[in-house]
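Novice: PDB, C-alpha atoms, pLDDT in the B column, saved as work25.pdb, coming up:
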```
ATOM      1  CA  MET T  12       3.799  15.126 -15.115  1.00 93.00           C
ATOM      2  CA  ASP T  13       4.003  17.538 -12.207  1.00 95.00           C
ATOM      3  CA  THR T  14       5.522  16.552  -8.866  1.00 96.00           C
ATOM      4  CA  ALA T  15       4.929  18.350  -5.592  1.00 96.00           C
ATOM      5  CA  GLU T  16       5.646  18.070  -1.885  1.00 96.00           C
ATOM      6  CA  ILE T  17       2.474  18.941   0.037  1.00 96.00           C
ATOM      7  CA  GLU T  18       1.848  19.128   3.781  1.00 97.00           C
ATOM      8  CA  LEU T  19      -1.445  17.870   5.218  1.00 98.00           C
ATOM      9  CA  THR T  20      -2.911  18.243   8.695  1.00 97.00           C
ATOM     10  CA  THR T  21      -3.485  15.136  10.834  1.00 97.00           C
ATOM     11  CA  PRO T  22      -4.551  14.696  14.483  1.00 95.00           C
ATOM     12  CA  ASP T  23      -0.875  14.004  15.264  1.00 95.00           C
ATOM     13  CA  GLY T  24       0.645  16.943  13.448  1.00 96.00           C
ATOM     14  CA  PRO T  25       1.620  17.860   9.882  1.00 97.00           C
ATOM     15  CA  MET T  26       2.219  15.071   7.370  1.00 98.00           C
ATOM     16  CA  PRO T  27       4.144  15.573   4.123  1.00 98.00           C
ATOM     17  CA  ILE T  28       2.981  13.771   0.993  1.00 98.00           C
ATOM     18  CA  TYR T  29       4.769  13.276  -2.302  1.00 98.00           C
ATOM     19  CA  GLN T  30       2.274  13.857  -5.107  1.00 98.00           C
ATOM     20  CA  VAL T  31       2.517  13.340  -8.841  1.00 98.00           C
ATOM     21  CA  THR T  32      -0.133  14.660 -11.228  1.00 98.00           C
ATOM     22  CA  PRO T  33      -0.388  12.988 -14.650  1.00 97.00           C
ATOM     23  CA  ASP T  34      -0.461  14.775 -17.954  1.00 96.00           C
ATOM     24  CA  GLY T  35      -4.065  15.278 -18.990  1.00 93.00           C
ATOM     25  CA  ALA T  36      -7.185  14.562 -16.964  1.00 95.00           C
ATOM     26  CA  PRO T  37      -6.571  11.911 -14.263  1.00 97.00           C
ATOM     27  CA  ARG T  38      -8.536   8.685 -14.634  1.00 96.00           C
ATOM     28  CA  GLY T  39      -8.667   8.341 -10.849  1.00 97.00           C
ATOM     29  CA  ALA T  40      -6.462   8.733  -7.793  1.00 98.00           C
ATOM     30  CA  VAL T  41      -4.181   6.301  -5.977  1.00 98.00           C
ATOM     31  CA  VAL T  42      -2.722   6.413  -2.467  1.00 99.00           C
ATOM     32  CA  ILE T  43       0.803   4.973  -2.547  1.00 98.00           C
ATOM     33  CA  VAL T  44       1.846   3.442   0.786  1.00 98.00           C
ATOM     34  CA  GLN T  45       5.506   3.169   1.654  1.00 98.00           C
ATOM     35  CA  GLU T  46       7.535   0.192   2.772  1.00 97.00           C
ATOM     36  CA  ALA T  47       9.035   0.076   6.271  1.00 96.00           C
ATOM     37  CA  PHE T  48      11.892   2.236   4.978  1.00 96.00           C
ATOM     38  CA  GLY T  49       9.980   5.464   4.404  1.00 96.00           C
ATOM     39  CA  VAL T  50       9.018   7.448   1.315  1.00 97.00           C
ATOM     40  CA  ASN T  51      12.315   6.712  -0.384  1.00 97.00           C
ATOM     41  CA  ASP T  52      13.434   6.862  -4.012  1.00 97.00           C
ATOM     42  CA  HIS T  53      11.715   3.575  -4.851  1.00 97.00           C
ATOM     43  CA  ILE T  54       8.358   4.699  -3.438  1.00 98.00           C
ATOM     44  CA  LYS T  55       8.670   7.987  -5.296  1.00 98.00           C
ATOM     45  CA  ASP T  56       9.431   6.007  -8.439  1.00 98.00           C
ATOM     46  CA  VAL T  57       6.300   3.851  -8.168  1.00 98.00           C
ATOM     47  CA  THR T  58       4.309   7.008  -7.411  1.00 98.00           C
ATOM     48  CA  ARG T  59       5.509   8.395 -10.732  1.00 98.00           C
ATOM     49  CA  ARG T  60       4.673   5.085 -12.425  1.00 98.00           C
ATOM     50  CA  ALA T  61       1.099   5.341 -11.171  1.00 98.00           C
ATOM     51  CA  ALA T  62       0.906   8.866 -12.583  1.00 98.00           C
ATOM     52  CA  GLU T  63       2.288   7.639 -15.890  1.00 98.00           C
ATOM     53  CA  ALA T  64      -0.636   5.215 -15.931  1.00 98.00           C
ATOM     54  CA  GLY T  65      -3.007   8.192 -15.647  1.00 97.00           C
ATOM     55  CA  TYR T  66      -3.658   8.459 -11.908  1.00 98.00           C
ATOM     56  CA  LEU T  67      -3.151  11.326  -9.510  1.00 98.00           C
ATOM     57  CA  ALA T  68      -0.788   9.560  -7.105  1.00 98.00           C
ATOM     58  CA  ALA T  69      -0.083  10.599  -3.516  1.00 98.00           C
ATOM     59  CA  ALA T  70       2.415   8.999  -1.127  1.00 98.00           C
ATOM     60  CA  PRO T  71       1.870  10.081   2.513  1.00 98.00           C
ATOM     61  CA  THR T  72       4.770  10.056   4.968  1.00 98.00           C
ATOM     62  CA  LEU T  73       3.323   7.755   7.625  1.00 97.00           C
ATOM     63  CA  PHE T  74       6.423   8.083   9.796  1.00 97.00           C
ATOM     64  CA  HIS T  75       5.860  11.794  10.424  1.00 97.00           C
ATOM     65  CA  ARG T  76       5.344  11.181  14.160  1.00 96.00           C
ATOM     66  CA  ALA T  77       8.967  10.081  14.418  1.00 94.00           C
ATOM     67  CA  GLY T  78      10.211  12.952  12.277  1.00 92.00           C
ATOM     68  CA  GLY T  79       9.946  11.226   8.905  1.00 91.00           C
ATOM     69  CA  GLY T  80      13.012  10.357   6.906  1.00 91.00           C
ATOM     70  CA  VAL T  81      14.158   7.156   5.272  1.00 95.00           C
ATOM     71  CA  VAL T  82      16.604   4.376   6.118  1.00 94.00           C
ATOM     72  CA  PRO T  83      18.679   2.213   3.756  1.00 94.00           C
ATOM     73  CA  TYR T  84      17.451  -1.249   2.840  1.00 93.00           C
ATOM     74  CA  ASP T  85      20.575  -2.784   4.371  1.00 87.00           C
ATOM     75  CA  ASP T  86      20.208  -1.077   7.780  1.00 85.00           C
ATOM     76  CA  PHE T  87      17.096  -2.570   9.358  1.00 84.00           C
ATOM     77  CA  THR T  88      18.271  -1.618  12.855  1.00 85.00           C
ATOM     78  CA  LYS T  89      17.078   1.942  12.258  1.00 89.00           C
ATOM     79  CA  VAL T  90      13.597   0.967  11.061  1.00 92.00           C
ATOM     80  CA  ARG T  91      12.115   0.604  14.533  1.00 89.00           C
ATOM     81  CA  GLU T  92      12.862   4.267  15.246  1.00 90.00           C
ATOM     82  CA  LEU T  93      10.542   5.288  12.407  1.00 92.00           C
ATOM     83  CA  PHE T  94       7.660   3.295  13.887  1.00 92.00           C
ATOM     84  CA  LYS T  95       7.630   5.191  17.171  1.00 89.00           C
ATOM     85  CA  GLY T  96       4.138   6.439  17.983  1.00 91.00           C
ATOM     86  CA  LEU T  97       2.526   4.667  15.025  1.00 94.00           C
ATOM     87  CA  THR T  98      -0.680   2.673  15.593  1.00 95.00           C
ATOM     88  CA  ASP T  99      -3.373   1.245  13.360  1.00 97.00           C
ATOM     89  CA  ASP T 100      -5.687   4.066  14.421  1.00 97.00           C
ATOM     90  CA  GLY T 101      -2.986   6.567  13.536  1.00 97.00           C
ATOM     91  CA  ILE T 102      -2.464   4.912  10.160  1.00 98.00           C
ATOM     92  CA  LEU T 103      -6.170   5.186   9.393  1.00 98.00           C
ATOM     93  CA  ALA T 104      -6.139   8.847  10.448  1.00 98.00           C
ATOM     94  CA  ASP T 105      -3.227   9.522   8.093  1.00 98.00           C
ATOM     95  CA  VAL T 106      -4.964   7.752   5.224  1.00 98.00           C
ATOM     96  CA  ASP T 107      -8.158   9.681   5.984  1.00 98.00           C
ATOM     97  CA  ALA T 108      -6.222  12.945   5.743  1.00 98.00           C
ATOM     98  CA  THR T 109      -4.867  11.829   2.372  1.00 98.00           C
ATOM     99  CA  LEU T 110      -8.348  10.819   1.215  1.00 98.00           C
ATOM    100  CA  GLU T 111      -9.759  14.190   2.249  1.00 98.00           C
ATOM    101  CA  HIS T 112      -7.031  15.863   0.203  1.00 98.00           C
ATOM    102  CA  LEU T 113      -8.054  13.757  -2.799  1.00 98.00           C
ATOM    103  CA  HIS T 114     -11.724  14.529  -2.180  1.00 98.00           C
ATOM    104  CA  GLN T 115     -10.886  18.211  -2.349  1.00 98.00           C
ATOM    105  CA  ALA T 116      -9.164  17.511  -5.660  1.00 97.00           C
ATOM    106  CA  GLY T 117     -12.477  16.198  -6.989  1.00 97.00           C
ATOM    107  CA  PHE T 118     -12.276  12.438  -6.445  1.00 97.00           C
ATOM    108  CA  ALA T 119     -14.999  10.384  -4.773  1.00 97.00           C
ATOM    109  CA  ASP T 120     -14.102   7.324  -2.702  1.00 98.00           C
ATOM    110  CA  GLU T 121     -15.044   4.942  -5.499  1.00 97.00           C
ATOM    111  CA  GLN T 122     -12.520   6.717  -7.765  1.00 98.00           C
ATOM    112  CA  ILE T 123      -9.657   6.222  -5.300  1.00 98.00           C
ATOM    113  CA  GLY T 124      -7.406   3.188  -4.992  1.00 98.00           C
ATOM    114  CA  ILE T 125      -4.674   2.310  -2.522  1.00 99.00           C
ATOM    115  CA  VAL T 126      -1.570   0.181  -3.015  1.00 99.00           C
ATOM    116  CA  GLY T 127       1.225  -0.646  -0.616  1.00 98.00           C
ATOM    117  CA  TRP T 128       4.387  -2.695  -0.316  1.00 98.00           C
ATOM    118  CA  CYS T 129       5.694  -4.622   2.714  1.00 96.00           C
ATOM    119  CA  PHE T 130       4.484  -2.585   5.734  1.00 97.00           C
ATOM    120  CA  GLY T 131       2.422  -0.601   3.241  1.00 98.00           C
ATOM    121  CA  GLY T 132       0.840  -3.813   1.991  1.00 98.00           C
ATOM    122  CA  ARG T 133      -0.517  -4.392   5.481  1.00 98.00           C
ATOM    123  CA  VAL T 134      -1.759  -0.797   5.490  1.00 98.00           C
ATOM    124  CA  ALA T 135      -3.612  -1.347   2.207  1.00 98.00           C
ATOM    125  CA  PHE T 136      -5.366  -4.383   3.689  1.00 98.00           C
ATOM    126  CA  LEU T 137      -6.145  -2.518   6.921  1.00 98.00           C
ATOM    127  CA  VAL T 138      -7.735   0.288   4.919  1.00 98.00           C
ATOM    128  CA  ALA T 139      -9.696  -2.202   2.799  1.00 98.00           C
ATOM    129  CA  ALA T 140     -11.137  -3.641   6.016  1.00 98.00           C
ATOM    130  CA  HIS T 141     -12.158  -0.251   7.439  1.00 98.00           C
ATOM    131  CA  ARG T 142     -12.891   2.026   4.486  1.00 98.00           C
ATOM    132  CA  GLU T 143     -14.947   1.616   1.317  1.00 98.00           C
ATOM    133  CA  LEU T 144     -12.759   2.718  -1.575  1.00 98.00           C
ATOM    134  CA  GLY T 145     -12.654   1.778  -5.218  1.00 98.00           C
ATOM    135  CA  ALA T 146      -9.798  -0.727  -5.017  1.00 98.00           C
ATOM    136  CA  ALA T 147      -6.866  -1.872  -2.885  1.00 98.00           C
ATOM    137  CA  VAL T 148      -3.700  -3.819  -3.721  1.00 98.00           C
ATOM    138  CA  THR T 149      -1.190  -5.410  -1.350  1.00 98.00           C
ATOM    139  CA  PHE T 150       2.335  -6.392  -2.316  1.00 98.00           C
ATOM    140  CA  TYR T 151       3.749  -8.952   0.184  1.00 98.00           C
ATOM    141  CA  GLY T 152       2.096  -7.357   3.188  1.00 97.00           C
ATOM    142  CA  GLY T 153       3.703  -8.696   6.340  1.00 95.00           C
ATOM    143  CA  GLY T 154       1.521  -8.661   9.435  1.00 96.00           C
ATOM    144  CA  ILE T 155      -1.705  -9.663   7.698  1.00 98.00           C
ATOM    145  CA  VAL T 156      -1.756 -13.449   8.101  1.00 96.00           C
ATOM    146  CA  ALA T 157       0.732 -13.596  10.986  1.00 94.00           C
ATOM    147  CA  PRO T 158       2.331 -11.079  13.356  1.00 92.00           C
ATOM    148  CA  ASN T 159       5.897  -9.900  12.910  1.00 90.00           C
ATOM    149  CA  PRO T 160       8.264  -7.696  14.942  1.00 88.00           C
ATOM    150  CA  LEU T 161       7.020  -4.492  13.290  1.00 87.00           C
ATOM    151  CA  SER T 162       3.340  -5.489  13.221  1.00 89.00           C
ATOM    152  CA  PRO T 163       2.640  -7.520  16.368  1.00 88.00           C
ATOM    153  CA  THR T 164      -1.106  -7.611  15.658  1.00 90.00           C
ATOM    154  CA  ALA T 165      -2.096  -9.679  12.619  1.00 94.00           C
ATOM    155  CA  LEU T 166      -5.184  -8.694  10.623  1.00 97.00           C
ATOM    156  CA  MET T 167      -6.647 -12.109   9.889  1.00 96.00           C
ATOM    157  CA  ASP T 168      -9.539 -11.489  12.269  1.00 94.00           C
ATOM    158  CA  GLN T 169     -10.544  -8.425  10.233  1.00 96.00           C
ATOM    159  CA  VAL T 170     -11.121 -10.313   6.974  1.00 96.00           C
ATOM    160  CA  GLU T 171     -14.899 -10.369   7.333  1.00 93.00           C
ATOM    161  CA  GLY T 172     -14.918  -6.579   7.431  1.00 95.00           C
ATOM    162  CA  VAL T 173     -13.212  -6.109   4.048  1.00 98.00           C
ATOM    163  CA  GLN T 174     -15.332  -3.671   2.044  1.00 97.00           C
ATOM    164  CA  THR T 175     -12.921  -2.538  -0.667  1.00 98.00           C
ATOM    165  CA  PRO T 176     -12.092  -4.835  -3.620  1.00 98.00           C
ATOM    166  CA  TRP T 177      -8.669  -6.212  -2.674  1.00 98.00           C
ATOM    167  CA  LEU T 178      -5.855  -7.900  -4.597  1.00 98.00           C
ATOM    168  CA  GLY T 179      -2.989  -9.606  -2.753  1.00 98.00           C
ATOM    169  CA  LEU T 180       0.373 -10.345  -4.391  1.00 98.00           C
ATOM    170  CA  PHE T 181       2.729 -12.692  -2.524  1.00 98.00           C
ATOM    171  CA  GLY T 182       5.959 -14.592  -3.099  1.00 98.00           C
ATOM    172  CA  ASP T 183       6.153 -18.220  -2.006  1.00 98.00           C
ATOM    173  CA  GLU T 184       9.801 -17.728  -0.993  1.00 98.00           C
ATOM    174  CA  ASP T 185       8.884 -14.957   1.456  1.00 97.00           C
ATOM    175  CA  THR T 186      10.070 -16.395   4.770  1.00 95.00           C
ATOM    176  CA  GLY T 187       8.040 -13.880   6.763  1.00 94.00           C
ATOM    177  CA  ILE T 188       4.662 -14.695   5.202  1.00 97.00           C
ATOM    178  CA  PRO T 189       3.767 -18.401   5.365  1.00 96.00           C
ATOM    179  CA  VAL T 190       2.121 -19.831   2.266  1.00 98.00           C
ATOM    180  CA  ASP T 191      -0.424 -21.741   4.325  1.00 97.00           C
ATOM    181  CA  GLY T 192      -1.437 -18.444   5.920  1.00 97.00           C
ATOM    182  CA  VAL T 193      -1.880 -16.869   2.495  1.00 98.00           C
ATOM    183  CA  GLU T 194      -4.105 -19.760   1.453  1.00 98.00           C
ATOM    184  CA  GLU T 195      -6.135 -19.509   4.652  1.00 98.00           C
ATOM    185  CA  LEU T 196      -6.588 -15.819   3.864  1.00 98.00           C
ATOM    186  CA  ARG T 197      -7.837 -16.743   0.388  1.00 98.00           C
ATOM    187  CA  VAL T 198     -10.457 -19.072   1.854  1.00 97.00           C
ATOM    188  CA  ARG T 199     -11.660 -16.534   4.403  1.00 97.00           C
ATOM    189  CA  LEU T 200     -11.920 -13.799   1.790  1.00 97.00           C
ATOM    190  CA  GLN T 201     -14.406 -15.882  -0.189  1.00 95.00           C
ATOM    191  CA  LYS T 202     -16.998 -14.957   2.444  1.00 93.00           C
ATOM    192  CA  THR T 203     -16.627 -11.213   1.870  1.00 94.00           C
ATOM    193  CA  PRO T 204     -19.188  -9.317  -0.247  1.00 93.00           C
ATOM    194  CA  VAL T 205     -16.588  -7.633  -2.477  1.00 97.00           C
ATOM    195  CA  ALA T 206     -14.238  -8.885  -5.159  1.00 97.00           C
ATOM    196  CA  THR T 207     -10.915 -10.269  -3.905  1.00 98.00           C
ATOM    197  CA  ASP T 208      -8.036 -12.188  -5.428  1.00 98.00           C
ATOM    198  CA  ILE T 209      -4.649 -13.544  -4.390  1.00 98.00           C
ATOM    199  CA  VAL T 210      -1.754 -14.234  -6.736  1.00 98.00           C
ATOM    200  CA  ARG T 211       1.312 -16.199  -5.622  1.00 98.00           C
ATOM    201  CA  TYR T 212       4.702 -16.160  -7.342  1.00 98.00           C
ATOM    202  CA  ALA T 213       6.441 -19.488  -6.833  1.00 98.00           C
ATOM    203  CA  ASP T 214      10.045 -18.295  -7.082  1.00 97.00           C
ATOM    204  CA  ALA T 215       9.712 -14.804  -5.584  1.00 98.00           C
ATOM    205  CA  GLY T 216      10.617 -13.676  -2.092  1.00 97.00           C
ATOM    206  CA  HIS T 217       9.863 -10.638   0.020  1.00 97.00           C
ATOM    207  CA  GLY T 218      10.543  -7.387  -1.817  1.00 97.00           C
ATOM    208  CA  PHE T 219      10.322  -8.937  -5.274  1.00 98.00           C
ATOM    209  CA  HIS T 220       8.835  -5.783  -6.792  1.00 98.00           C
ATOM    210  CA  CYS T 221      11.558  -3.415  -5.622  1.00 98.00           C
ATOM    211  CA  ASP T 222      14.333  -3.016  -8.184  1.00 96.00           C
ATOM    212  CA  ALA T 223      16.530  -1.420  -5.501  1.00 94.00           C
ATOM    213  CA  ARG T 224      16.698  -4.630  -3.457  1.00 94.00           C
ATOM    214  CA  PRO T 225      18.540  -7.930  -4.046  1.00 94.00           C
ATOM    215  CA  ALA T 226      15.222  -9.791  -3.902  1.00 96.00           C
ATOM    216  CA  TYR T 227      13.986  -8.058  -7.072  1.00 97.00           C
ATOM    217  CA  ASP T 228      12.389 -10.508  -9.507  1.00 98.00           C
ATOM    218  CA  GLU T 229      11.834  -8.809 -12.847  1.00 98.00           C
ATOM    219  CA  ASP T 230       9.266 -11.251 -14.207  1.00 98.00           C
ATOM    220  CA  ALA T 231       7.184 -11.301 -11.025  1.00 98.00           C
ATOM    221  CA  ALA T 232       7.473  -7.530 -10.649  1.00 98.00           C
ATOM    222  CA  ARG T 233       6.307  -6.854 -14.182  1.00 98.00           C
ATOM    223  CA  ASP T 234       3.369  -9.251 -13.889  1.00 98.00           C
ATOM    224  CA  ALA T 235       2.347  -7.904 -10.456  1.00 98.00           C
ATOM    225  CA  TRP T 236       2.375  -4.277 -11.594  1.00 98.00           C
ATOM    226  CA  SER T 237       0.349  -5.178 -14.685  1.00 98.00           C
ATOM    227  CA  ARG T 238      -2.211  -6.927 -12.476  1.00 98.00           C
ATOM    228  CA  THR T 239      -2.305  -3.898 -10.185  1.00 98.00           C
ATOM    229  CA  LEU T 240      -3.167  -1.548 -13.019  1.00 98.00           C
ATOM    230  CA  ARG T 241      -5.795  -3.945 -14.346  1.00 98.00           C
ATOM    231  CA  TRP T 242      -7.343  -4.172 -10.868  1.00 98.00           C
ATOM    232  CA  PHE T 243      -7.568  -0.389 -10.730  1.00 98.00           C
ATOM    233  CA  THR T 244      -9.022  -0.192 -14.218  1.00 97.00           C
ATOM    234  CA  GLN T 245     -11.611  -2.803 -13.321  1.00 97.00           C
ATOM    235  CA  HIS T 246     -12.723  -1.402  -9.984  1.00 97.00           C
ATOM    236  CA  LEU T 247     -12.172   2.347  -9.828  1.00 95.00           C
ATOM    237  CA  GLY T 248     -15.297   4.275 -10.764  1.00 76.00           C
ATOM    238  CA  ALA T 249     -15.192   6.643 -13.697  1.00 55.00           C
TER
END
```
Could the structure of this file be written out as structure tokens, please?

Specialist:
Amino acid sequence: MDTAEIELTTPDGPMPIYQVTPDGAPRGAVVIVQEAFGVNDHIKDVTRRAAEAGYLAAAPTLFHRAGGGVVPYDDFTKVRELFKGLTDDGILADVDATLEHLHQAGFADEQIGIVGWCFGGRVAFLVAAHRELGAAVTFYGGGIVAPNPLSPTALMDQVEGVQTPWLGLFGDEDTGIPVDGVEELRVRLQKTPVATDIVRYADAGHGFHCDARPAYDEDAARDAWSRTLRWFTQHLGA
């Protein structure tokens, strides 16, 4: 695999992306969306995992407006600084810049997937509601079913606009994402014209997929990643 740091142009200035190209011809492309802690070692690791699965994987630095960078998992006080200047419109502009980069690499929208964790899980759902891609996956996306301090506007009212096949992966022990809200989301998604699914892990909490956090749940993480790859295989166009 080849890794590269690339700089893209956005309406709000240059945006670095971390890109990993698989060995051999890519089977598709995947946008990897960071947690609230930046494009850190864990996000780079899952970007490489996506490439190992055969996808050209690109992780945009959505916090470029605040200068980029990362913060430790145990220092949440610094997270708010990274969100300065970031809006949903800005997020979509950043994703569009990443998509245009992938278009130039030869991928059509139906060959591109998006997956995100935590804050990035909300981003993946936001994109699914506003863009028509091949597939989208959300890992414990806070701010979808209910607002939170970092995402004061929930996305539940955008469910009817979902146009990208979307898979949601949630932990029942996640204190920031109520289970009844997840189930309401499931019901509302049944009215959308595209394929959707929600999987809940009874004993998992927020961050269960991240092996750099205390909340890591190996069984749930392994199952969720396997489902993610199957969702991409099923929905991304050849």

Novice: For the PyMOL selection byres ((chain T and resi 43) around 6), applied here, can you spell out every residue it catches as a ChimeraX atom specification?

Specialist: /T:42,44,69-70,126-127

Novice: Quick one: which residues end up in the PyMOL selection byres ((chain T and resi 223) around 12) for this structure, as number ranges by chain?

Specialist: T: 51-54, 56-57, 83-85, 218-222, 224-229

Novice: Once the PyMOL selection byres ((chain T and resi 21-37) around 10) is applied to the coordinates I shared, what remains selected? I want it as a ChimeraX atom specification.

Specialist: /T:12-20,38-43,50,54-55,58-76,78-79,96-97,101,104-109,118

Novice: With C-alpha atoms retained, could you export that selection as a PDB file, keeping the file's coordinate frame?

Specialist:
```
ATOM      1  CA  MET T  12       3.799  15.126 -15.115  1.00 93.00           C
ATOM      2  CA  ASP T  13       4.003  17.538 -12.207  1.00 95.00           C
ATOM      3  CA  THR T  14       5.522  16.552  -8.866  1.00 96.00           C
ATOM      4  CA  ALA T  15       4.929  18.350  -5.592  1.00 96.00           C
ATOM      5  CA  GLU T  16       5.646  18.070  -1.885  1.00 96.00           C
ATOM      6  CA  ILE T  17       2.474  18.941   0.037  1.00 96.00           C
ATOM      7  CA  GLU T  18       1.848  19.128   3.781  1.00 97.00           C
ATOM      8  CA  LEU T  19      -1.445  17.870   5.218  1.00 98.00           C
ATOM      9  CA  THR T  20      -2.911  18.243   8.695  1.00 97.00           C
ATOM     10  CA  ARG T  38      -8.536   8.685 -14.634  1.00 96.00           C
ATOM     11  CA  GLY T  39      -8.667   8.341 -10.849  1.00 97.00           C
ATOM     12  CA  ALA T  40      -6.462   8.733  -7.793  1.00 98.00           C
ATOM     13  CA  VAL T  41      -4.181   6.301  -5.977  1.00 98.00           C
ATOM     14  CA  VAL T  42      -2.722   6.413  -2.467  1.00 99.00           C
ATOM     15  CA  ILE T  43       0.803   4.973  -2.547  1.00 98.00           C
ATOM     16  CA  VAL T  50       9.018   7.448   1.315  1.00 97.00           C
ATOM     17  CA  ILE T  54       8.358   4.699  -3.438  1.00 98.00           C
ATOM     18  CA  LYS T  55       8.670   7.987  -5.296  1.00 98.00           C
ATOM     19  CA  THR T  58       4.309   7.008  -7.411  1.00 98.00           C
ATOM     20  CA  ARG T  59       5.509   8.395 -10.732  1.00 98.00           C
ATOM     21  CA  ARG T  60       4.673   5.085 -12.425  1.00 98.00           C
ATOM     22  CA  ALA T  61       1.099   5.341 -11.171  1.00 98.00           C
ATOM     23  CA  ALA T  62       0.906   8.866 -12.583  1.00 98.00           C
ATOM     24  CA  GLU T  63       2.288   7.639 -15.890  1.00 98.00           C
ATOM     25  CA  ALA T  64      -0.636   5.215 -15.931  1.00 98.00           C
ATOM     26  CA  GLY T  65      -3.007   8.192 -15.647  1.00 97.00           C
ATOM     27  CA  TYR T  66      -3.658   8.459 -11.908  1.00 98.00           C
ATOM     28  CA  LEU T  67      -3.151  11.326  -9.510  1.00 98.00           C
ATOM     29  CA  ALA T  68      -0.788   9.560  -7.105  1.00 98.00           C
ATOM     30  CA  ALA T  69      -0.083  10.599  -3.516  1.00 98.00           C
ATOM     31  CA  ALA T  70       2.415   8.999  -1.127  1.00 98.00           C
ATOM     32  CA  PRO T  71       1.870  10.081   2.513  1.00 98.00           C
ATOM     33  CA  THR T  72       4.770  10.056   4.968  1.00 98.00           C
ATOM     34  CA  LEU T  73       3.323   7.755   7.625  1.00 97.00           C
ATOM     35  CA  PHE T  74       6.423   8.083   9.796  1.00 97.00           C
ATOM     36  CA  HIS T  75       5.860  11.794  10.424  1.00 97.00           C
ATOM     37  CA  ARG T  76       5.344  11.181  14.160  1.00 96.00           C
ATOM     38  CA  GLY T  78      10.211  12.952  12.277  1.00 92.00           C
ATOM     39  CA  GLY T  79       9.946  11.226   8.905  1.00 91.00           C
ATOM     40  CA  GLY T  96       4.138   6.439  17.983  1.00 91.00           C
ATOM     41  CA  LEU T  97       2.526   4.667  15.025  1.00 94.00           C
ATOM     42  CA  GLY T 101      -2.986   6.567  13.536  1.00 97.00           C
ATOM     43  CA  ALA T 104      -6.139   8.847  10.448  1.00 98.00           C
ATOM     44  CA  ASP T 105      -3.227   9.522   8.093  1.00 98.00           C
ATOM     45  CA  VAL T 106      -4.964   7.752   5.224  1.00 98.00           C
ATOM     46  CA  ASP T 107      -8.158   9.681   5.984  1.00 98.00           C
ATOM     47  CA  ALA T 108      -6.222  12.945   5.743  1.00 98.00           C
ATOM     48  CA  THR T 109      -4.867  11.829   2.372  1.00 98.00           C
ATOM     49  CA  PHE T 118     -12.276  12.438  -6.445  1.00 97.00           C
TER      50      PHE T 118
END
```

Novice: Give me, please, the distance in Å between atom CA of T:Phe150 and atom CA of T:Phe181, quoted to one decimal.

Specialist: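 Separation of atom CA of T:Phe150 and atom CA of T:Phe181: 6.3 Å.
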
Novice: Using only C-alpha atoms, what residues lie at most 10 Å away from (-3.3, -6.9, -9.2) (file coordinates), given as a PyMOL selection string?

Specialist: chain T and resi 126+146-150+177-180+207-210+234-243

Novice: Around (-18.5, 3.6, -5.7) in the file's frame, which residues reach within 9 Å when counting all atoms listed in the file? Return as a list in words?

Specialist: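 Collected hits near the coordinates: Ala119, Asp120, Glu121, Gln122, Glu143, Leu144, Gly145, His246, Leu247 and Gly248 of chain T.
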
Novice: Can I get the selection written as a PDB file, in the frame of the given file, with C-alpha atoms?

Specialist:
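After the write, selection.pdb holds the following:
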```pdb
ATOM      1  CA  ALA T 119     -14.999  10.384  -4.773  1.00 97.00           C
ATOM      2  CA  ASP T 120     -14.102   7.324  -2.702  1.00 98.00           C
ATOM      3  CA  GLU T 121     -15.044   4.942  -5.499  1.00 97.00           C
ATOM      4  CA  GLN T 122     -12.520   6.717  -7.765  1.00 98.00           C
ATOM      5  CA  GLU T 143     -14.947   1.616   1.317  1.00 98.00           C
ATOM      6  CA  LEU T 144     -12.759   2.718  -1.575  1.00 98.00           C
ATOM      7  CA  GLY T 145     -12.654   1.778  -5.218  1.00 98.00           C
ATOM      8  CA  HIS T 246     -12.723  -1.402  -9.984  1.00 97.00           C
ATOM      9  CA  LEU T 247     -12.172   2.347  -9.828  1.00 95.00           C
ATOM     10  CA  GLY T 248     -15.297   4.275 -10.764  1.00 76.00           C
TER      11      GLY T 248
END
```

Novice: Compare T:Gly182, T:Pro176, T:Gly192, T:Gly132 by their minimum atom-to-atom distance to T:Ala206, counting all atoms listed in the file, and give me the closest one.

Specialist: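 Of all the options, T:Pro176 lies closest to T:Ala206.
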
Novice: Taking every listed atom of stretch 63-80 of chain T and adding 4 Å to each side, what centre and edge lengths in Å (one decimal) does the axis-aligned box have, as JSON?

Specialist:
```
{"center_x": 4.7, "center_y": 9.1, "center_z": -0.8, "size_x": 24.7, "size_y": 15.7, "size_z": 38.3}
```

Novice: Can you tell me how far atom CA of T:Leu137 sits from atom CA of T:Leu196, in Å to one decimal?

Specialist: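 One can read the atom CA of T:Leu137 to atom CA of T:Leu196 distance as 13.7 Å.
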
Novice: Restricting the calculation to only C-alpha atoms: of T:Gln169, T:Val81, T:Cys129, T:Asp230, which residue gets closest to T:Asp185?

Specialist: T:Cys129

Novice: Could you please determine the separation between atom CA of T:Thr175 and atom CA of T:Phe130 in Å, to one decimal place?

Specialist: 18.5 Å
